[in-house]
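Note sheet for the following structure.
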Amino acid sequence: MAEQVKEYWRWTEYNWHDPQVDPKAAESITAGVDVGSVSTQAVIMTNGTLYAYASMRTGSDSPDSARKAMQWALQDTGLTPEDIQYCVGTGYGRVNVPFAQRAITEIACHARGASFIYGPSVRTVLDMGGQDCKAIHCDEKGKVTAFLMNDKCAAGTGRGMEVFADLLSVPIEEIGAMSLAVDEEPPMVSSTCVVFAKSEAVGLLREGWPKAKVLAAYHAAMAHRVVNLLERIGMEQDFAITGGISKNVGIVERLKRELGVEPLKTDYDAQVAGAIGAALFARALLSKGERK
Amino acid sequence: MITAGIDVGSKTTKVVILEDGRVLGRSSLVPTGFDQTESAQRAIEEALQATGLGAAAIERRVATGAGAKAVPEAAEHISDVKAAARGAHHLVPSARTVIDVGAEEGRGIRCSETGGVIDFAVNEKCAAGAGAFTEAMSRALELPLEEMGTLSLKSQNAVPMNAQCAVFAESEVVSLIHAKTPKEDIVRAVHDAIASRIGSMVRRVGISPEVVLVGGVARNVGFVDSLRRGLEIEIRVPEDPDFVGALGAALVAAED
Amino acid sequence: MGTLANYGYSDGSGDWYIRIDTGLCTGCGDCVTACPAGLFELVQDEYDPLSEALVASVSPAHRKTIKYDCGPCKPVGERPRLPCLAACAAGSIAHSW
C-alpha cells in the first residue's frame with residue numbers, strides 16, 4: 001500500500017490484528033466501518049474486544065473504500081466477510097457502506113468509541129478529521145450529551161493542514177513537530193480562513209520567516225480556533241482528542257497550553273475511535289435481537 | 001477643485017482623479033503588494049500620468065479600502081461601504097441598493113437618494129463570500145479568471161455545488177472534472193454558488209431598485225447573470241466597476 | 001437526558017449555530033412548518049441509536065448554509081421574533097447569533 005511518490009499530504013496506511021485471539025471461538029463477531037472524507041477505518045471486534053483493524057485513505061468511491069478497508073482488516077485473520085454477524089457503517093459517507101446492516105451518525109460512534117478507548121471518565125472528546133472538526137460531550141457510558149460539528153470550513157481540519165504542508169513543502173506528518181521548533185511563539189496568523197491565511201503565510205515567507213515560524217503562527221491560530229469551539233460547548237474533564245490531527249503534536253501541545261488540561265492518553269490508535277464505536281453499536285444491536 | 005480617491009483593496013489598488021464631478025483620469029488595477037504604501041504611490045503616479053497633471057495639482061486626497069491607512073497624505077479615510085455608495089450613486093443616481101464584491105469582502109448596501117448609507121451587511125473573512133472564491137476555482141479549472149464569465153453563460157445545466165468553502169470547493173471541482181462534467185456547467189455552478197451567498201447577504205438589507213453591482217467581480221458576466229437569476233431583479237453594472245470605490249473617495253474629497 | 005445538538009459551523013466570519021435540545025424537544029414538528037427556509041426536519045434521534053423517539057433536527061442539506069438560509073429572518077436593522085423560536089413551545093431551539 002505504501003507509495004514512493006513525493007506527495008506531501010500522504011500519511012501512513014496500516015492494518016493490524018491480535019494474533020493471540022482465535023476469532024472463530026468468539027461468541028459475537030461484529031464490525032464497524034467509518035468512511036471519512038479523507039480516511040476509512042474498518043474495525044472487527046470479538047465479544048466486544050478489539051480484534052483487528054485497518055486504516056487507509058478514502059478513494060473516490062466510498063463503497064469501494066469500505067470494502068477494501070474491511071478486506072484489509074480481515075487479512076490473515078482467517079475470517080471472511082460472511083463471518084461478521086452485524087456491521088454498522090458510519091462516517092462522512094456513512095450511508096455508503098453497502099454491506100452494513102445499519103448506519104449510525106459519526107458523532108454517536110465517535111463518542112462511543114472514545115469512551116471505549118479512554119474509559120468511562122472521558123467527558124469531552126475533540127475529533128479533528130480530514131474535512132471536519134467536532135467537539136462532543138458524553139456521559140460515562142459514551143452516550144452523546146452535547147455536540148458541535150463543523151464541516152463547512154476547512155480551518156482546523158486535515159485539509160487545511162494539507163494546504164500548509166503543500167505550501168511549505170513539508171510532509172504533513174512533520175508539520176506539527178516543526179511548528180514547535182521555535183524559540184518564541186510568534187503571533188497567530190490573523191485570518192482563520194485557510195485561503196487568506198495562506199496569502200498571509202506567503203507574505204511572511206517573503207519577509208524572511210523560516211518555515212517553522214510560519215507553521216507556528218498557523219498552528220497557533222488553528223489551536224485557538226479549536227479552543228473557541230470547545231468553550232462554546234463547555235470543557236469538562238476528562239478530555240480526549242481523536243481523529244487524524246490528534247497525531248499533530250503542534251496542535252495538541254498548544255491545546256494543552258491554552259486549556260491548561262492534559263488530554264487522556266491511550267495505547268489504542270485514536271483514529272479508529274469512530275469505527276470502534278460503530279462495531280460496539282453493532283454488538284448492542286445484535287444483543288437487542290437485530291440480525292443480518 | 002481637483003481631488004484624488006485612492007482605494008487600496010486587498011488585491012488591487014485603484015486611483016481616480018476628479019475635477020468638478022468629472023473623471024480626469026485613473027490608474028490601472030495596480031496589484032496591492034506587501035508594501036501597501038508603495039502600491040498606493042505607484043497607482044497615484046499612474047493616474048497622474050493619465051491626466052498629465054503633476055502631484056501638486058491634487059488639492060485633496062481621500063483614501064479607502066483595506067489598506068487606507070497606508071496611503072500617504074490622505075486627508076481622510078472613509079469606509080469601503082461609504083465609498084461604494086457614493087461612487088455608485090454618482091454613476092447611477094437612481095441606485096438604492098449597491099452590491100460591492102471585492103477580492104476578500106462582499107458588501108450589500110442600502111443607500112439613500114443622496115448616495116448616503118442607510119444600512120449595510122458584509123460577507124467578510126471567508127473566501128467563499130467574495131472574489132477569492134472565483135479566483136481559487138479558476139485555478140482548479142485551469143481557466144484564466146477573465147474567461148470564467150463568458151464560459152459560464154454557455155452552460156445549459158445547473159449542477160449543484162455542495163461545498164461552502166473555497167478549499168473544499170476546489171476538491172469538488174476536481175471531482176466534477178474527473179466525472180467529465182462540462183467545464184461551462186462547473187463554472188456556472190461556481191458563479192451560482194457565490195451569487196447565492198452574496199444574494200442572501202443583500203436580502204438582509206432589503207432589495208430596492210435600482211440595484212447596482214460594483215467591485216472587481218462585477219466584470220464577471222457569469223457572476224452577474226447568476227446574481228440576476230438569484231435575486232430576480234435587473235442589475236446595473238457601471239463601466240469600470242472596480243474603480244467605483246476610488247471614485248466615491250474622490251467625490252468625498254471634493255465635498256468639504 | 002437528551003442531547004444538545006449544535007447544527008451549523010464556524011468560519012472566518014463567525015459562529016453560526018442552531019442548537020436543539022433533544023431532551024426538551026417533544027417531536028411536535030411545529031418548527032418544521034414555521035421555518036420559511038425549510039431548515040428543520042423530524043427524525044429518529046440520531047444521538048441515541050437504540051431509541052425510536054422522533055426529534056427535530058436541522059436537515060443535512062442546510063447545515064452548511066445556516067448563516068445564509070437564516071438571513072431573510074435576520075435582516076440588518078429591526079429584527080422581528082424568529083418564527084422557529086415562536087413556534088417551539090418546549091423552548092428547545094436556540095440561535096448562536
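Convention: chains lettered A, B, ... in C-alpha cells order; per-chain residue numbering from 1; ligands numbered from 1 as shown.
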Using only C-alpha atoms, find each residue in chain B having at least one atom no more than 10 Å away from chain A; report its shortest atom-to-atom pair and that distance in Å (one decimal), rows by chain then rising number, as a Markdown table.
| residue | atom | partner | partner_atom | distance |
| --- | --- | --- | --- | --- |
| B:Gly33 | CA | A:Gly203 | CA | 9.1 |
| B:Phe34 | CA | A:Gly203 | CA | 6.7 |
| B:Glu104 | CA | A:Phe196 | CA | 8.3 |
| B:Lys125 | CA | A:Cys193 | CA | 6.5 |
| B:Cys126 | CA | A:Cys193 | CA | 5.7 |
| B:Ala127 | CA | A:Val195 | CA | 6.4 |
| B:Ala128 | CA | A:Val195 | CA | 9.4 |
| B:Ala132 | CA | A:Val195 | CA | 8.0 |
| B:Phe133 | CA | A:Val195 | CA | 9.0 |
| B:Ala136 | CA | A:Val195 | CA | 8.6 |
| B:Asn162 | CA | A:Lys152 | CA | 9.6 |
| B:Ala163 | CA | A:Lys152 | CA | 7.2 |
| B:Gln164 | CA | A:Lys152 | CA | 6.0 |
| B:Cys165 | CA | A:Cys153 | CA | 5.6 |
| B:Ala166 | CA | A:Val195 | CA | 7.4 |
| B:Val167 | CA | A:Ala154 | CA | 6.4 |
| B:Phe168 | CA | A:Ala154 | CA | 6.9 |
| B:Ser171 | CA | A:Arg159 | CA | 10.0 |
| B:Ser175 | CA | A:Ser60 | CA | 8.2 |
| B:His178 | CA | A:Ser60 | CA | 9.9 |
Requested write-out: N, CA and C atoms of the selected residues, as a compact mmCIF listing (two decimals), in the first residue's frame:
# COMPACT_ATOMS: atom_id res chain seq x y z
N GLY B 33 0.74 45.08 -3.33
CA GLY B 33 1.81 44.22 -2.84
C GLY B 33 1.87 44.23 -1.33
N PHE B 34 2.94 43.65 -0.79
CA PHE B 34 3.07 43.61 0.66
C PHE B 34 3.36 44.99 1.21
N GLU B 104 -11.79 40.12 -1.25
CA GLU B 104 -11.89 39.47 0.05
C GLU B 104 -13.16 39.78 0.83
N LYS B 125 -14.04 37.90 5.81
CA LYS B 125 -13.14 36.94 6.44
C LYS B 125 -13.37 35.49 6.05
N CYS B 126 -14.10 35.28 4.98
CA CYS B 126 -14.34 33.93 4.49
C CYS B 126 -14.25 34.02 2.97
N ALA B 127 -13.32 33.25 2.39
CA ALA B 127 -13.09 33.36 0.96
C ALA B 127 -14.31 33.00 0.13
N ALA B 128 -15.20 32.19 0.68
CA ALA B 128 -16.38 31.76 -0.09
C ALA B 128 -17.36 32.89 -0.34
N ALA B 132 -12.27 35.94 -3.94
CA ALA B 132 -11.23 34.91 -3.74
C ALA B 132 -11.76 33.53 -4.09
N PHE B 133 -13.07 33.35 -3.97
CA PHE B 133 -13.69 32.07 -4.29
C PHE B 133 -13.57 31.78 -5.78
N ALA B 136 -9.96 31.08 -6.76
CA ALA B 136 -9.49 29.74 -6.40
C ALA B 136 -10.06 28.72 -7.39
N ASN B 162 -21.94 21.48 -3.56
CA ASN B 162 -22.22 21.26 -2.14
C ASN B 162 -21.28 22.00 -1.21
N ALA B 163 -20.03 22.14 -1.61
CA ALA B 163 -19.05 22.75 -0.73
C ALA B 163 -19.34 24.23 -0.55
N GLN B 164 -19.20 24.70 0.69
CA GLN B 164 -19.42 26.11 1.01
C GLN B 164 -18.12 26.79 1.39
N CYS B 165 -17.02 26.14 1.09
CA CYS B 165 -15.70 26.65 1.44
C CYS B 165 -14.85 26.57 0.19
N ALA B 166 -14.00 27.59 -0.03
CA ALA B 166 -13.18 27.62 -1.24
C ALA B 166 -12.24 26.43 -1.31
N VAL B 167 -11.73 25.98 -0.17
CA VAL B 167 -10.80 24.85 -0.14
C VAL B 167 -11.52 23.56 -0.52
N PHE B 168 -12.69 23.34 0.05
CA PHE B 168 -13.44 22.12 -0.26
C PHE B 168 -14.03 22.17 -1.66
N SER B 171 -11.70 20.87 -4.31
CA SER B 171 -11.72 19.41 -4.45
C SER B 171 -12.96 18.95 -5.19
N SER B 175 -13.27 16.79 -8.65
CA SER B 175 -14.10 15.58 -8.81
C SER B 175 -15.04 15.72 -9.99
N HIS B 178 -13.19 15.16 -13.13
CA HIS B 178 -12.94 13.73 -13.32
C HIS B 178 -14.18 12.99 -13.77
Taking a cut-off of 9 Å and counting only C-alpha atoms, can you build a table that, for each residue of chain A near chain C, reports the nearest atom pair and how far apart they are in Å (one decimal), sorted by chain then residue number, as a tab-separated table?
residue	atom	partner	partner_atom	distance
A:Ile104	CA	C:Pro49	CA	6.9
A:Thr105	CA	C:Glu46	CA	6.3
A:Ile107	CA	C:Tyr47	CA	7.3
A:Ala108	CA	C:Tyr47	CA	5.3
A:Cys109	CA	C:Tyr47	CA	8.9
A:His137	CA	C:Thr3	CA	9.0
A:Lys143	CA	C:Asp48	CA	7.2
A:Val144	CA	C:Tyr47	CA	6.1
A:Thr145	CA	C:Thr3	CA	4.3
A:Ala146	CA	C:Leu4	CA	4.2
A:Phe147	CA	C:Ala5	CA	5.5
A:Leu148	CA	C:Asn6	CA	4.8
A:Met149	CA	C:Tyr9	CA	6.8
A:Asn150	CA	C:Tyr9	CA	4.6
A:Asp151	CA	C:Tyr9	CA	6.9
A:Lys152	CA	C:Lys64	CA	5.2
A:Cys153	CA	C:Asp11	CA	5.6
A:Ala154	CA	C:Asp11	CA	8.3
A:Ala155	CA	C:Asp11	CA	7.3
A:Ser191	CA	C:Gly12	CA	6.9
A:Thr192	CA	C:Gly12	CA	4.9
A:Cys193	CA	C:Gly12	CA	5.0
A:Val194	CA	C:Gly12	CA	8.7
A:Arg225	CA	C:Ser10	CA	9.0
A:Leu229	CA	C:Ser10	CA	8.2
A:Ile233	CA	C:Asn6	CA	8.8
A:Phe281	CA	C:Pro49	CA	8.0
A:Ala284	CA	C:Leu50	CA	8.5
A:Leu285	CA	C:Leu50	CA	7.7
A:Lys288	CA	C:Leu50	CA	8.9
Selection to disk with C-alpha atoms, as a CSV table (one decimal), in the first residue's frame:
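Listing of again.csv after writing:
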chain,number,residue,atom,x,y,z
A,104,ILE,CA,-25.3,5.5,12.7
A,105,THR,CA,-24.1,9.1,12.9
A,107,ILE,CA,-20.9,11.7,16.3
A,108,ALA,CA,-22.6,8.9,18.2
A,109,CYS,CA,-19.9,6.4,17.1
A,137,HIS,CA,-19.7,15.7,25.3
A,143,LYS,CA,-23.8,8.5,25.1
A,144,VAL,CA,-23.7,11.9,23.5
A,145,THR,CA,-25.0,14.7,25.7
A,146,ALA,CA,-23.9,17.6,23.6
A,147,PHE,CA,-22.0,18.2,20.3
A,148,LEU,CA,-20.9,20.7,17.9
A,149,MET,CA,-19.7,19.8,14.4
A,150,ASN,CA,-18.1,21.9,11.8
A,151,ASP,CA,-17.7,20.5,8.3
A,152,LYS,CA,-18.3,23.7,6.4
A,153,CYS,CA,-15.0,25.4,6.8
A,154,ALA,CA,-11.5,24.0,6.1
A,155,ALA,CA,-9.9,25.8,9.0
A,191,SER,CA,-7.0,35.0,9.3
A,192,THR,CA,-9.0,32.0,10.3
A,193,CYS,CA,-9.8,31.3,6.7
A,194,VAL,CA,-7.2,29.0,5.2
A,225,ARG,CA,-10.0,28.3,17.0
A,229,LEU,CA,-15.3,25.6,19.7
A,233,ILE,CA,-19.8,23.6,24.3
A,281,PHE,CA,-23.2,-0.4,18.4
A,284,ALA,CA,-25.5,-3.8,21.1
A,285,LEU,CA,-28.0,-4.1,18.2
A,288,LYS,CA,-31.1,-6.4,21.1
Please return, as a list in words, all residues of chain B lying within 7 Å of chain C when only C-alpha atoms are considered.
-> Ala121, Glu124, Lys125, Cys126, Gln164, Arg197, Ser200, Met201, Arg203, Arg204 and Val205 of chain B
For segment 45-54 of chain A, work out the shell of residues within 8 Å, counting only C-alpha atoms and skipping chain neighbours fewer than 2 positions away, then give it as a PyMOL selection string.
-> chain A and resi 13-18+21+23+26-31+41-43+56+69-70+72-74+272+276+279-280+283
Could you write those residues out with N, CA and C atoms, as a PDB file, in the first residue's frame?
ATOM      1  N   GLU A  13      -0.601   4.336   5.856  1.00  0.00           N
ATOM      2  CA  GLU A  13      -1.776   3.470   5.971  1.00  0.00           C
ATOM      3  C   GLU A  13      -1.318   2.167   6.644  1.00  0.00           C
ATOM      4  N   TYR A  14      -2.223   1.479   7.353  1.00  0.00           N
ATOM      5  CA  TYR A  14      -1.786   0.286   8.088  1.00  0.00           C
ATOM      6  C   TYR A  14      -2.941  -0.653   8.396  1.00  0.00           C
ATOM      7  N   ASN A  15      -2.588  -1.885   8.742  1.00  0.00           N
ATOM      8  CA  ASN A  15      -3.587  -2.801   9.301  1.00  0.00           C
ATOM      9  C   ASN A  15      -2.953  -3.568  10.457  1.00  0.00           C
ATOM     10  N   TRP A  16      -3.811  -4.175  11.279  1.00  0.00           N
ATOM     11  CA  TRP A  16      -3.337  -4.870  12.489  1.00  0.00           C
ATOM     12  C   TRP A  16      -4.365  -5.892  12.925  1.00  0.00           C
ATOM     13  N   HIS A  17      -3.935  -7.021  13.475  1.00  0.00           N
ATOM     14  CA  HIS A  17      -4.887  -7.873  14.195  1.00  0.00           C
ATOM     15  C   HIS A  17      -4.165  -8.538  15.355  1.00  0.00           C
ATOM     16  N   ASP A  18      -4.927  -8.955  16.332  1.00  0.00           N
ATOM     17  CA  ASP A  18      -4.369  -9.559  17.541  1.00  0.00           C
ATOM     18  C   ASP A  18      -4.093 -11.045  17.288  1.00  0.00           C
ATOM     19  N   VAL A  21      -5.704 -13.915  19.640  1.00  0.00           N
ATOM     20  CA  VAL A  21      -7.138 -14.232  19.679  1.00  0.00           C
ATOM     21  C   VAL A  21      -7.530 -15.192  18.561  1.00  0.00           C
ATOM     22  N   PRO A  23     -10.570 -15.855  16.567  1.00  0.00           N
ATOM     23  CA  PRO A  23     -11.884 -15.249  16.340  1.00  0.00           C
ATOM     24  C   PRO A  23     -13.007 -16.278  16.167  1.00  0.00           C
ATOM     25  N   ALA A  26     -15.055 -16.932  19.171  1.00  0.00           N
ATOM     26  CA  ALA A  26     -15.807 -15.818  19.772  1.00  0.00           C
ATOM     27  C   ALA A  26     -17.315 -16.014  19.672  1.00  0.00           C
ATOM     28  N   GLU A  27     -18.008 -15.461  20.693  1.00  0.00           N
ATOM     29  CA  GLU A  27     -19.469 -15.565  20.705  1.00  0.00           C
ATOM     30  C   GLU A  27     -20.072 -14.551  19.736  1.00  0.00           C
ATOM     31  N   SER A  28     -19.497 -13.352  19.718  1.00  0.00           N
ATOM     32  CA  SER A  28     -20.006 -12.358  18.759  1.00  0.00           C
ATOM     33  C   SER A  28     -18.842 -11.778  17.969  1.00  0.00           C
ATOM     34  N   ILE A  29     -19.065 -11.681  16.697  1.00  0.00           N
ATOM     35  CA  ILE A  29     -18.092 -11.037  15.809  1.00  0.00           C
ATOM     36  C   ILE A  29     -18.827  -9.896  15.116  1.00  0.00           C
ATOM     37  N   THR A  30     -18.477  -8.656  15.503  1.00  0.00           N
ATOM     38  CA  THR A  30     -19.168  -7.509  14.892  1.00  0.00           C
ATOM     39  C   THR A  30     -18.139  -6.587  14.243  1.00  0.00           C
ATOM     40  N   ALA A  31     -18.624  -5.746  13.367  1.00  0.00           N
ATOM     41  CA  ALA A  31     -17.715  -4.847  12.650  1.00  0.00           C
ATOM     42  C   ALA A  31     -18.277  -3.435  12.570  1.00  0.00           C
ATOM     43  N   GLN A  41     -11.669   3.616   8.072  1.00  0.00           N
ATOM     44  CA  GLN A  41     -11.234   2.617   9.046  1.00  0.00           C
ATOM     45  C   GLN A  41     -12.237   1.479   9.109  1.00  0.00           C
ATOM     46  N   ALA A  42     -11.744   0.268   9.235  1.00  0.00           N
ATOM     47  CA  ALA A  42     -12.616  -0.890   9.469  1.00  0.00           C
ATOM     48  C   ALA A  42     -12.127  -1.551  10.743  1.00  0.00           C
ATOM     49  N   VAL A  43     -13.053  -1.869  11.644  1.00  0.00           N
ATOM     50  CA  VAL A  43     -12.707  -2.483  12.926  1.00  0.00           C
ATOM     51  C   VAL A  43     -13.510  -3.758  13.104  1.00  0.00           C
ATOM     52  N   MET A  56      -6.977   3.332   5.902  1.00  0.00           N
ATOM     53  CA  MET A  56      -6.408   3.688   4.603  1.00  0.00           C
ATOM     54  C   MET A  56      -7.077   4.955   4.069  1.00  0.00           C
ATOM     55  N   ALA A  69     -11.119  -1.536   2.963  1.00  0.00           N
ATOM     56  CA  ALA A  69     -10.683  -1.423   4.355  1.00  0.00           C
ATOM     57  C   ALA A  69     -11.065  -2.688   5.117  1.00  0.00           C
ATOM     58  N   MET A  70     -12.266  -3.186   4.862  1.00  0.00           N
ATOM     59  CA  MET A  70     -12.739  -4.409   5.518  1.00  0.00           C
ATOM     60  C   MET A  70     -11.855  -5.592   5.126  1.00  0.00           C
ATOM     61  N   TRP A  72      -8.836  -5.560   4.129  1.00  0.00           N
ATOM     62  CA  TRP A  72      -7.516  -5.395   4.711  1.00  0.00           C
ATOM     63  C   TRP A  72      -7.514  -5.722   6.206  1.00  0.00           C
ATOM     64  N   ALA A  73      -8.598  -5.359   6.886  1.00  0.00           N
ATOM     65  CA  ALA A  73      -8.708  -5.673   8.316  1.00  0.00           C
ATOM     66  C   ALA A  73      -8.803  -7.195   8.511  1.00  0.00           C
ATOM     67  N   LEU A  74      -9.505  -7.843   7.572  1.00  0.00           N
ATOM     68  CA  LEU A  74      -9.709  -9.295   7.677  1.00  0.00           C
ATOM     69  C   LEU A  74      -8.469 -10.105   7.287  1.00  0.00           C
ATOM     70  N   VAL A 272      -9.092   5.338  15.088  1.00  0.00           N
ATOM     71  CA  VAL A 272     -10.043   4.254  14.861  1.00  0.00           C
ATOM     72  C   VAL A 272     -11.293   4.367  15.732  1.00  0.00           C
ATOM     73  N   ILE A 276     -14.593   1.865  15.977  1.00  0.00           N
ATOM     74  CA  ILE A 276     -14.778   1.061  17.189  1.00  0.00           C
ATOM     75  C   ILE A 276     -16.179   1.291  17.747  1.00  0.00           C
ATOM     76  N   ALA A 279     -18.630  -0.566  15.725  1.00  0.00           N
ATOM     77  CA  ALA A 279     -18.602  -2.003  15.993  1.00  0.00           C
ATOM     78  C   ALA A 279     -19.287  -2.311  17.327  1.00  0.00           C
ATOM     79  N   LEU A 280     -19.163  -1.416  18.309  1.00  0.00           N
ATOM     80  CA  LEU A 280     -19.822  -1.615  19.605  1.00  0.00           C
ATOM     81  C   LEU A 280     -21.332  -1.461  19.487  1.00  0.00           C
ATOM     82  N   ARG A 283     -22.660  -4.556  18.156  1.00  0.00           N
ATOM     83  CA  ARG A 283     -22.820  -5.592  19.184  1.00  0.00           C
ATOM     84  C   ARG A 283     -24.077  -5.349  20.014  1.00  0.00           C
TER      85      ARG A 283
END
Test item: residues at most 9 Å from Lys154 of chain B, only C-alpha atoms, excluding those fewer than 4 positions along its chain, as a PDB file with C-alpha atoms, in the first residue's frame:
ATOM      1  CA  THR B 150     -18.223  34.054 -20.866  1.00  0.00           C
ATOM      2  CA  GLU B 184     -19.137  25.502 -18.583  1.00  0.00           C
ATOM      3  CA  ASP B 185     -21.536  23.738 -16.218  1.00  0.00           C
ATOM      4  CA  ARG B 188     -21.830  28.220 -13.821  1.00  0.00           C
TER       5      ARG B 188
END
All alpha helix (DSSP H) positions in segment 140-258 of chain A, as a ChimeraX atom specification | /A:158-168,172-179,194-206,211-233,249-258
Could you please write out, as a list in words, every residue of segment 16-95 of chain C that DSSP assigns to strand (DSSP E or B)?
-> Trp16, Tyr17, Ile18, Arg19, Ile20, Asp21, Phe40, Glu41, Leu42, Val43, Gln44, Leu54, Val55, Ala56, Ser57, Val58, Ile93, Ala94 and His95 of chain C
Polymer residues at most 10 Å from segment 171-184 of chain A, only C-alpha atoms, same-chain spacing of 4 or more positions, as a ChimeraX atom specification | /A:6-12,158,161-166,210-220,245,247-254
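Distance-wise, atom CA of Thr114 of chain B and atom CA of Arg96 of chain B end up 9.6 Å apart.
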Which neighbours of Ala103 of chain A fall inside 12 Å, counting only C-alpha atoms, when residues of the same chain fewer than 3 positions from it are skipped, and could you give them as a PyMOL selection string?
-> (chain A and resi 32-35+86-100+106-109+275+277-279+281-282+285) or (chain C and resi 46-47+49)
